[in-house]
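What follows is the content of entry.txt (compact mmCIF, C-alpha atoms (C1' of nucleotides)).
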# COMPACT_ATOMS: atom_id res chain seq x y z
CA MET A 1 84.54 95.20 71.79
CA GLY A 2 83.43 91.59 72.24
CA LEU A 3 87.05 90.49 72.50
CA THR A 4 88.29 88.69 75.59
CA LYS A 5 91.57 90.04 77.01
CA THR A 6 93.18 86.62 76.98
CA GLU A 7 96.76 87.86 77.27
CA GLU A 8 96.02 89.50 80.62
CA PHE A 9 95.31 86.20 82.33
CA THR A 10 97.39 83.14 83.21
CA LYS A 11 97.55 80.05 81.04
CA THR A 12 95.77 78.09 83.75
CA GLN A 13 92.95 80.59 83.87
CA ASN A 14 92.59 80.63 80.09
CA ASP A 15 92.71 76.84 79.81
CA LEU A 16 90.15 76.38 82.54
CA ALA A 17 87.90 78.99 80.97
CA ALA A 18 88.27 77.36 77.55
CA PHE A 19 87.16 73.97 78.86
CA ALA A 20 84.27 75.52 80.74
CA LYS A 21 83.24 77.59 77.76
CA ALA A 22 83.23 74.53 75.50
CA LEU A 23 80.83 72.85 77.94
CA GLY A 24 78.82 76.05 78.31
CA HIS A 25 76.04 75.10 75.92
CA PRO A 26 73.30 72.52 76.47
CA ALA A 27 73.80 71.06 73.00
CA ARG A 28 77.46 70.41 73.71
CA ILE A 29 76.62 68.87 77.07
CA ALA A 30 74.14 66.64 75.26
CA ILE A 31 76.76 65.67 72.68
CA VAL A 32 79.29 64.75 75.33
CA GLN A 33 76.69 62.78 77.30
CA PHE A 34 75.71 60.93 74.15
CA LEU A 35 79.32 60.08 73.32
CA ILE A 36 79.78 58.73 76.84
CA ARG A 37 76.53 56.76 76.73
CA THR A 38 76.81 55.09 73.35
CA LYS A 39 79.34 52.68 71.97
CA SER A 40 79.01 53.94 68.43
CA CYS A 41 79.65 57.60 67.93
CA MET A 42 78.97 58.37 64.29
CA CYS A 43 78.35 62.00 63.60
CA GLY A 44 75.01 61.17 62.00
CA ASP A 45 73.79 59.52 65.18
CA ILE A 46 74.50 62.71 67.08
CA VAL A 47 72.60 64.78 64.54
CA ASP A 48 69.62 62.41 64.88
CA GLU A 49 69.78 62.69 68.66
CA LEU A 50 69.84 66.48 68.83
CA PRO A 51 67.04 68.91 68.01
CA LEU A 52 69.35 70.90 65.77
CA SER A 53 70.27 70.94 62.12
CA GLN A 54 73.25 69.06 60.74
CA SER A 55 75.27 72.20 60.19
CA THR A 56 74.65 73.47 63.70
CA VAL A 57 75.63 70.16 65.25
CA SER A 58 78.76 70.14 63.11
CA GLN A 59 79.65 73.55 64.50
CA HIS A 60 79.21 72.39 68.09
CA LEU A 61 81.36 69.35 67.36
CA LYS A 62 83.99 71.67 65.97
CA GLU A 63 84.10 73.67 69.19
CA LEU A 64 84.46 70.58 71.34
CA LYS A 65 87.22 69.41 69.01
CA LYS A 66 88.90 72.82 69.25
CA VAL A 67 89.59 72.42 72.97
CA GLY A 68 90.36 68.73 72.46
CA LEU A 69 87.60 67.22 74.58
CA ILE A 70 86.53 65.06 71.63
CA LYS A 71 88.22 63.77 68.52
CA GLY A 72 86.91 62.43 65.23
CA ASP A 73 88.22 59.64 63.08
CA ILE A 74 87.20 59.48 59.45
CA GLU A 75 85.63 56.14 58.61
CA GLY A 76 84.71 56.03 55.00
CA PRO A 77 82.15 58.70 54.26
CA SER A 78 81.24 59.16 57.90
CA VAL A 79 83.14 60.26 60.98
CA CYS A 80 83.48 58.44 64.29
CA TYR A 81 83.52 60.83 67.20
CA CYS A 82 84.54 60.06 70.74
CA ILE A 83 85.86 61.52 73.96
CA ASP A 84 89.59 62.18 73.97
CA GLU A 85 90.72 60.38 77.10
CA LYS A 86 93.82 62.43 77.71
CA VAL A 87 92.26 65.85 77.37
CA TRP A 88 89.14 64.73 79.18
CA LYS A 89 91.25 63.79 82.20
CA ARG A 90 93.18 67.05 82.04
CA ALA A 91 89.95 69.04 81.99
CA ARG A 92 88.50 66.93 84.76
CA LYS A 93 91.49 67.58 86.98
CA ALA A 94 91.69 71.28 86.20
CA ILE A 95 88.03 71.80 87.07
CA ALA A 96 88.16 69.50 90.08
CA ASP A 97 91.19 71.41 91.39
CA LEU A 98 89.33 74.69 91.13
CA PHE A 99 86.38 73.39 93.09
CA ALA A 100 88.61 71.59 95.60
CA SER A 101 90.61 74.74 96.31
CA HIS A 102 87.59 76.06 98.14
CA ASN A 103 87.71 74.03 101.34
CA GLU A 104 86.93 76.18 104.32
CA PRO A 105 83.58 77.95 104.37
CA SER A 106 83.70 81.68 103.75
CA ASN A 107 84.19 83.79 106.83
CA CYS A 108 82.01 86.59 105.51
CA CYS A 109 78.59 87.12 103.90
CA MET B 1 69.81 83.75 65.32
CA GLY B 2 72.20 83.81 68.30
CA LEU B 3 69.51 82.32 70.51
CA THR B 4 70.10 79.04 72.32
CA LYS B 5 67.27 76.49 72.04
CA THR B 6 67.06 76.05 75.79
CA GLU B 7 63.63 74.47 75.79
CA GLU B 8 64.84 71.57 73.66
CA PHE B 9 67.21 70.31 76.33
CA THR B 10 66.77 68.82 79.80
CA LYS B 11 66.99 70.86 82.98
CA THR B 12 70.15 68.99 83.94
CA GLN B 13 71.76 69.84 80.64
CA ASN B 14 70.77 73.48 80.87
CA ASP B 15 71.91 73.79 84.48
CA LEU B 16 75.24 72.18 83.77
CA ALA B 17 75.75 74.37 80.73
CA ALA B 18 74.84 77.48 82.73
CA PHE B 19 77.45 76.71 85.40
CA ALA B 20 80.07 75.94 82.77
CA LYS B 21 79.21 79.05 80.82
CA ALA B 22 79.55 81.22 83.90
CA LEU B 23 83.05 79.82 84.40
CA GLY B 24 83.81 80.12 80.70
CA HIS B 25 85.76 83.36 80.89
CA PRO B 26 89.25 83.86 82.33
CA ALA B 27 88.16 86.96 84.22
CA ARG B 28 85.43 85.02 85.99
CA ILE B 29 87.86 82.22 86.78
CA ALA B 30 90.20 84.84 88.22
CA ILE B 31 87.39 86.35 90.28
CA VAL B 32 86.41 83.00 91.73
CA GLN B 33 90.04 82.12 92.48
CA PHE B 34 90.48 85.46 94.20
CA LEU B 35 87.37 84.98 96.31
CA ILE B 36 88.65 81.56 97.36
CA ARG B 37 92.14 82.85 98.11
CA THR B 38 91.36 85.96 100.12
CA LYS B 39 89.60 86.43 103.38
CA SER B 40 88.23 89.83 102.47
CA CYS B 41 86.15 89.96 99.35
CA MET B 42 85.26 93.57 98.76
CA CYS B 43 84.26 94.36 95.23
CA GLY B 44 86.90 97.07 95.03
CA ASP B 45 89.64 94.56 95.81
CA ILE B 46 88.54 92.46 92.88
CA VAL B 47 88.59 95.45 90.58
CA ASP B 48 92.15 96.24 91.73
CA GLU B 49 93.19 92.64 91.11
CA LEU B 50 91.84 92.36 87.58
CA PRO B 51 93.13 94.05 84.42
CA LEU B 52 89.66 95.29 83.57
CA SER B 53 87.62 98.37 84.23
CA GLN B 54 85.27 98.67 87.17
CA SER B 55 82.18 98.42 85.01
CA THR B 56 83.43 95.32 83.21
CA VAL B 57 84.27 93.60 86.49
CA SER B 58 80.83 94.51 87.79
CA GLN B 59 79.31 92.81 84.76
CA HIS B 60 81.31 89.63 85.32
CA LEU B 61 80.27 89.63 88.98
CA LYS B 62 76.68 89.94 87.84
CA GLU B 63 76.95 86.85 85.66
CA LEU B 64 78.48 84.79 88.45
CA LYS B 65 75.70 86.01 90.72
CA LYS B 66 73.10 85.12 88.10
CA VAL B 67 73.93 81.40 88.31
CA GLY B 68 74.38 81.69 92.06
CA LEU B 69 78.04 80.72 92.32
CA ILE B 70 78.74 83.90 94.28
CA LYS B 71 76.69 86.24 96.40
CA GLY B 72 77.19 89.80 97.58
CA ASP B 73 76.33 91.41 100.87
CA ILE B 74 76.04 95.17 101.07
CA GLU B 75 78.34 96.59 103.74
CA GLY B 76 77.92 100.30 103.92
CA PRO B 77 78.92 101.84 100.63
CA SER B 78 80.80 98.74 99.48
CA VAL B 79 79.81 95.14 98.76
CA CYS B 80 81.31 91.98 100.23
CA TYR B 81 81.38 89.20 97.69
CA CYS B 82 81.96 85.53 98.37
CA ILE B 83 81.38 82.02 97.10
CA ASP B 84 77.89 80.70 97.75
CA GLU B 85 78.61 77.40 99.50
CA LYS B 86 75.38 75.71 98.56
CA VAL B 87 75.39 76.49 94.88
CA TRP B 88 79.13 75.93 94.67
CA LYS B 89 78.65 72.39 95.94
CA ARG B 90 75.76 71.79 93.55
CA ALA B 91 77.84 72.93 90.61
CA ARG B 92 80.79 70.89 91.79
CA LYS B 93 78.71 67.74 91.98
CA ALA B 94 76.97 68.33 88.66
CA ILE B 95 80.25 68.79 86.83
CA ALA B 96 81.98 65.97 88.72
CA ASP B 97 79.10 63.65 87.81
CA LEU B 98 79.47 64.45 84.15
CA PHE B 99 83.17 63.70 84.17
CA ALA B 100 82.71 60.63 86.34
CA SER B 101 80.09 59.18 83.99
CA HIS B 102 82.89 58.52 81.54
CA ASN B 103 84.61 55.54 83.15
CA GLU B 104 85.57 52.98 80.55
CA PRO B 105 87.87 54.08 77.77
CA SER B 106 86.24 54.57 74.37
CA ASN B 107 86.14 51.46 72.23
CA CYS B 108 86.58 53.39 69.03
CA CYS B 109 88.84 56.07 67.52
C1' DT C 1 73.73 119.25 104.05
C1' DT C 2 77.38 118.48 101.03
C1' DT C 3 81.05 115.67 99.75
C1' DT C 4 83.27 111.38 99.09
C1' DT C 5 83.49 106.49 98.33
C1' DT C 6 81.81 102.52 96.32
C1' DT C 7 79.22 99.88 93.14
C1' DA C 8 75.55 99.23 89.67
C1' DT C 9 73.55 100.56 85.47
C1' DC C 10 73.19 102.85 80.88
C1' DG C 11 74.73 103.63 76.32
C1' DT C 12 77.69 102.34 72.81
C1' DA C 13 80.74 99.64 69.70
C1' DA C 14 83.08 95.62 68.09
C1' DA C 15 83.24 90.89 67.95
C1' DA C 16 81.59 86.31 68.95
C1' DT C 17 77.85 82.99 69.25
C1' DT C 18 73.88 80.48 67.68
C1' DG C 19 71.31 78.69 64.09
C1' DC C 20 69.91 77.45 59.46
C1' DG C 21 69.83 76.42 54.45
C1' DA C 22 72.72 75.77 50.62
C1' DT C 23 76.85 74.30 48.87
C1' DT C 24 81.09 71.74 48.76
C1' DA C 25 84.13 67.82 49.58
C1' DT C 26 85.03 63.07 50.26
C1' DA C 27 84.60 58.36 49.85
C1' DA C 28 81.82 54.34 49.23
C1' DA C 29 78.53 52.06 46.18
C1' DA C 30 76.26 51.19 41.94
C1' DT D 1 82.03 56.93 35.79
C1' DT D 2 78.03 58.39 38.01
C1' DT D 3 75.35 58.28 41.97
C1' DT D 4 74.62 58.28 46.87
C1' DA D 5 75.66 59.15 51.67
C1' DT D 6 78.00 61.70 55.10
C1' DA D 7 79.97 65.63 57.11
C1' DA D 8 82.33 70.17 56.78
C1' DT D 9 82.15 74.76 55.29
C1' DC D 10 80.09 79.13 53.51
C1' DG D 11 76.96 82.88 53.76
C1' DC D 12 73.63 85.10 56.25
C1' DA D 13 70.77 87.11 60.16
C1' DA D 14 69.59 87.78 64.91
C1' DT D 15 71.33 87.87 69.42
C1' DT D 16 74.67 87.78 72.95
C1' DT D 17 79.08 88.78 74.84
C1' DT D 18 82.90 91.66 76.02
C1' DA D 19 84.56 95.98 77.14
C1' DC D 20 84.65 100.82 78.30
C1' DG D 21 83.43 105.56 79.76
C1' DA D 22 79.88 108.13 81.75
C1' DT D 23 76.27 108.44 84.72
C1' DA D 24 73.34 107.15 88.56
C1' DA D 25 72.46 105.33 93.31
C1' DA D 26 73.37 104.65 98.11
C1' DA D 27 75.52 105.16 102.24
C1' DA D 28 79.26 106.84 105.07
C1' DA D 29 82.05 110.88 106.24
C1' DA D 30 82.96 115.67 106.60
Turn this file's structure into C-alpha cells for me.
Amino acid sequence: MGLTKTEEFTKTQNDLAAFAKALGHPARIAIVQFLIRTKSCMCGDIVDELPLSQSTVSQHLKELKKVGLIKGDIEGPSVCYCIDEKVWKRARKAIADLFASHNEPSNCC
Amino acid sequence: MGLTKTEEFTKTQNDLAAFAKALGHPARIAIVQFLIRTKSCMCGDIVDELPLSQSTVSQHLKELKKVGLIKGDIEGPSVCYCIDEKVWKRARKAIADLFASHNEPSNCC
DNA sequence: TTTTTTTATCGTAAAATTGCGATTATAAAA
DNA sequence: TTTTATAATCGCAATTTTACGATAAAAAAA
C-alpha cells in the first residue's frame, strides 16, 4: 500500500506525527538549525550549507513549509526563509506535551 | 535514489532525525500514547487498540524499538511493551534543545 | 504430545521518499 | 530588450515505507 491510514487517527495524533515527520530527516534538521543560527536566511545560503543539490534542498524546504514550521518571503529573485514563530511554538508544545505526559516510571519491563 | 545521505550530517542531526522519524506516523504516536496511558502494555492490547492489522502493528513496534524509545519483555507467549525511560529522556532533551535554541524572534520575513 | 495463544517474520503490492539533472519561472540588472 | 541570478518544478530512478495475509516460532495449556 504505502498509504497511511490518516482518517483512523485523531487530529492531535496526525498533527503530532506530521511535525515529527517533517523533522525526521537530517537535512531538514540541518536546515532548521541553520535558520535558527543565522540572521540571513536566503535559500541560496541554505543550499551552500548543505551537501545536497539545489533541487533536493528546495524539496526539503517545501516539506518544512507544508507543515508550516518555516515560511518564505520572496525578495527580488531570491527567497528569504525563516522559522514561523506561531507554528514553531505549536509544534514545540505538542511535542513537549507528549513527552511530559509520561511522568511516572513504567511499572513493568 | 531514495537513500538518505546520512554520512553527510552530524551524529546529533542524525539522532534527532531518527527520533523524529520514529514518531512521524500517527500509529506510532498512538502506540506511545497508549503505552503511557495504560499500566499493562501487552502487545495484543495495542493491536486491539489500533485500527491496523497485527502484522502492521508489529512493524510499527519494531521501528519504535529500533530507535530505543520502547522496549519489550517476553512474558510467556506474549510480550510486555513499555517506554524505555533512558532513551525517552534522551529524545525528550534532544528535541527540547532544538526547539529551545530558537529564542529570539526572526528578524526577517 | 498436541493444541492453543501470542507475536515476529516473510512475501507482496502500492505509494511515498530521497536525490539529481534539466527545465521553467520570476525578477533584477545590464 | 536581453541577460543574469535565484529558486521552484518536472521527470526519472532507486529505495523505503505502509499495509496486509499467510506463515513461522515459542511457550503455555490441555
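Considering the residues C:DA25, C:DA30, C:DA14, C:DC20 and counting only C-alpha atoms (C1' of nucleotides), chain A has its shortest atom-to-atom contact with C:DA14.
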**Study point:** Long-range neighbours of stretch 91-100 of chain A as a list of chain:residue names, 9 Å cut-off, all atoms listed in the file, 5 positions minimum in chain
**Key:**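 Returned residues: A:Thr12, A:Asp15, A:Leu16, A:Phe19, A:Ala20, A:Leu69, A:Lys86, B:Ile29, B:Val32, B:Gln33, B:Trp88, B:Lys89, B:Ala91, B:Arg92, B:Ile95, B:Ala96, B:Phe99, B:Ala100.
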Interface, chain A side, toward chain D (6 Å; all atoms listed in the file) as a tab-separated table (two decimals) with C-alpha atoms, in the coordinates of the input:
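Output file selection18.tsv is given in full below:
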chain	number	residue	atom	x	y	z
A	1	MET	CA	84.54	95.20	71.79
A	2	GLY	CA	83.43	91.59	72.24
A	3	LEU	CA	87.05	90.49	72.50
A	77	PRO	CA	82.15	58.70	54.26
A	78	SER	CA	81.24	59.16	57.90
Review point. Which chain C residues are at most 9 Å from chain A (counting all atoms listed in the file), as a list in words?
Key: DA13, DA14, DA15, DA16, DT18, DG19, DC20, DG21, DT26, DA27 and DA28 of chain C
Exercise for review: Counting only C-alpha atoms, collect the residues of chain A whose closest atom lies at most 7 Å from chain B, and write them out as a list of chain:residue names.
Suggested key: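 Filtering chain A at 7 Å from chain B with only C-alpha atoms gives A:Glu8, A:Phe9, A:Gln13, A:Asn14, A:Ala17, A:Ala18, A:Ala20, A:Lys21, A:Leu23, A:Gly24, A:His25, A:Pro26, A:Ile29, A:Ala30, A:Ile36, A:Lys39, A:Pro51, A:Asp73, A:Cys80, A:Cys82, A:Ile83, A:Glu85, A:Arg92, A:Phe99, A:His102, A:Pro105, A:Ser106, A:Asn107, A:Cys109.
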Practice item. Could you check how far atom CA of A:Phe34 sits from atom CA of A:Ile46, in Å to one decimal? Key: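 Rounded to one decimal, the two atoms are 7.4 Å apart.
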Same-sequence superposition of chain B onto chain A, all C-alpha, as a tab-separated table (two decimals) with C-alpha atoms, in the coordinates of the input:
chain	number	residue	atom	x	y	z
B	1	MET	CA	84.54	95.30	71.82
B	2	GLY	CA	83.45	91.66	72.26
B	3	LEU	CA	87.07	90.59	72.51
B	4	THR	CA	88.33	88.76	75.58
B	5	LYS	CA	91.61	90.08	77.04
B	6	THR	CA	93.22	86.66	76.98
B	7	GLU	CA	96.77	87.91	77.29
B	8	GLU	CA	96.02	89.54	80.64
B	9	PHE	CA	95.30	86.23	82.34
B	10	THR	CA	97.39	83.17	83.21
B	11	LYS	CA	97.56	80.08	81.04
B	12	THR	CA	95.79	78.10	83.76
B	13	GLN	CA	92.97	80.60	83.86
B	14	ASN	CA	92.62	80.65	80.10
B	15	ASP	CA	92.74	76.87	79.81
B	16	LEU	CA	90.17	76.38	82.51
B	17	ALA	CA	87.92	79.00	80.96
B	18	ALA	CA	88.29	77.38	77.54
B	19	PHE	CA	87.19	73.98	78.85
B	20	ALA	CA	84.29	75.52	80.74
B	21	LYS	CA	83.27	77.58	77.75
B	22	ALA	CA	83.25	74.53	75.51
B	23	LEU	CA	80.87	72.85	77.95
B	24	GLY	CA	78.85	76.04	78.32
B	25	HIS	CA	76.06	75.09	75.93
B	26	PRO	CA	73.33	72.50	76.49
B	27	ALA	CA	73.83	71.05	73.02
B	28	ARG	CA	77.49	70.41	73.72
B	29	ILE	CA	76.64	68.87	77.08
B	30	ALA	CA	74.16	66.63	75.27
B	31	ILE	CA	76.77	65.67	72.69
B	32	VAL	CA	79.30	64.74	75.33
B	33	GLN	CA	76.71	62.77	77.31
B	34	PHE	CA	75.72	60.93	74.15
B	35	LEU	CA	79.32	60.07	73.32
B	36	ILE	CA	79.77	58.71	76.84
B	37	ARG	CA	76.53	56.75	76.73
B	38	THR	CA	76.79	55.08	73.35
B	39	LYS	CA	79.26	52.64	71.97
B	40	SER	CA	78.94	53.91	68.42
B	41	CYS	CA	79.65	57.56	67.93
B	42	MET	CA	78.95	58.34	64.31
B	43	CYS	CA	78.34	61.98	63.61
B	44	GLY	CA	75.01	61.17	61.99
B	45	ASP	CA	73.78	59.52	65.19
B	46	ILE	CA	74.49	62.70	67.09
B	47	VAL	CA	72.60	64.77	64.55
B	48	ASP	CA	69.61	62.41	64.90
B	49	GLU	CA	69.77	62.70	68.68
B	50	LEU	CA	69.85	66.48	68.86
B	51	PRO	CA	67.05	68.94	68.06
B	52	LEU	CA	69.35	70.94	65.81
B	53	SER	CA	70.26	70.98	62.17
B	54	GLN	CA	73.20	69.06	60.78
B	55	SER	CA	75.25	72.18	60.20
B	56	THR	CA	74.64	73.49	63.71
B	57	VAL	CA	75.63	70.16	65.26
B	58	SER	CA	78.75	70.15	63.10
B	59	GLN	CA	79.65	73.56	64.50
B	60	HIS	CA	79.22	72.39	68.09
B	61	LEU	CA	81.37	69.34	67.35
B	62	LYS	CA	84.00	71.68	65.97
B	63	GLU	CA	84.12	73.69	69.18
B	64	LEU	CA	84.47	70.58	71.32
B	65	LYS	CA	87.23	69.42	69.00
B	66	LYS	CA	88.92	72.81	69.23
B	67	VAL	CA	89.58	72.40	72.97
B	68	GLY	CA	90.36	68.73	72.45
B	69	LEU	CA	87.60	67.21	74.57
B	70	ILE	CA	86.53	65.06	71.62
B	71	LYS	CA	88.21	63.75	68.52
B	72	GLY	CA	86.91	62.39	65.23
B	73	ASP	CA	88.21	59.59	63.08
B	74	ILE	CA	87.20	59.42	59.45
B	75	GLU	CA	85.60	56.08	58.62
B	76	GLY	CA	84.71	55.98	54.99
B	77	PRO	CA	82.18	58.66	54.24
B	78	SER	CA	81.25	59.14	57.89
B	79	VAL	CA	83.14	60.24	61.00
B	80	CYS	CA	83.45	58.41	64.31
B	81	TYR	CA	83.51	60.82	67.20
B	82	CYS	CA	84.54	60.06	70.75
B	83	ILE	CA	85.85	61.53	73.97
B	84	ASP	CA	89.58	62.19	73.96
B	85	GLU	CA	90.72	60.37	77.10
B	86	LYS	CA	93.81	62.43	77.69
B	87	VAL	CA	92.28	65.85	77.35
B	88	TRP	CA	89.15	64.73	79.17
B	89	LYS	CA	91.25	63.79	82.18
B	90	ARG	CA	93.17	67.07	82.01
B	91	ALA	CA	89.96	69.05	81.97
B	92	ARG	CA	88.51	66.95	84.75
B	93	LYS	CA	91.50	67.58	86.97
B	94	ALA	CA	91.68	71.28	86.18
B	95	ILE	CA	88.04	71.82	87.05
B	96	ALA	CA	88.17	69.50	90.08
B	97	ASP	CA	91.20	71.43	91.37
B	98	LEU	CA	89.35	74.70	91.13
B	99	PHE	CA	86.40	73.38	93.09
B	100	ALA	CA	88.62	71.58	95.57
B	101	SER	CA	90.62	74.74	96.29
B	102	HIS	CA	87.58	76.05	98.11
B	103	ASN	CA	87.69	74.00	101.31
B	104	GLU	CA	86.87	76.15	104.31
B	105	PRO	CA	83.54	77.91	104.35
B	106	SER	CA	83.63	81.65	103.70
B	107	ASN	CA	84.09	83.76	106.81
B	108	CYS	CA	81.94	86.55	105.49
B	109	CYS	CA	78.51	87.10	103.91
If I wrap all listed atoms of stretch 2-16 of chain D in a box with edges along x, y and z and add 6 Å on each side, what are its centre and edge lengths in Å to one decimal, as lines of an AutoDock Vina configuration file?
center_x = 76.0
center_y = 73.1
center_z = 55.5
size_x = 24.7
size_y = 41.6
size_z = 46.9
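Between atom C1' of C:DA22 and atom CA of A:Leu64 the interatomic distance comes to 24.4 Å.
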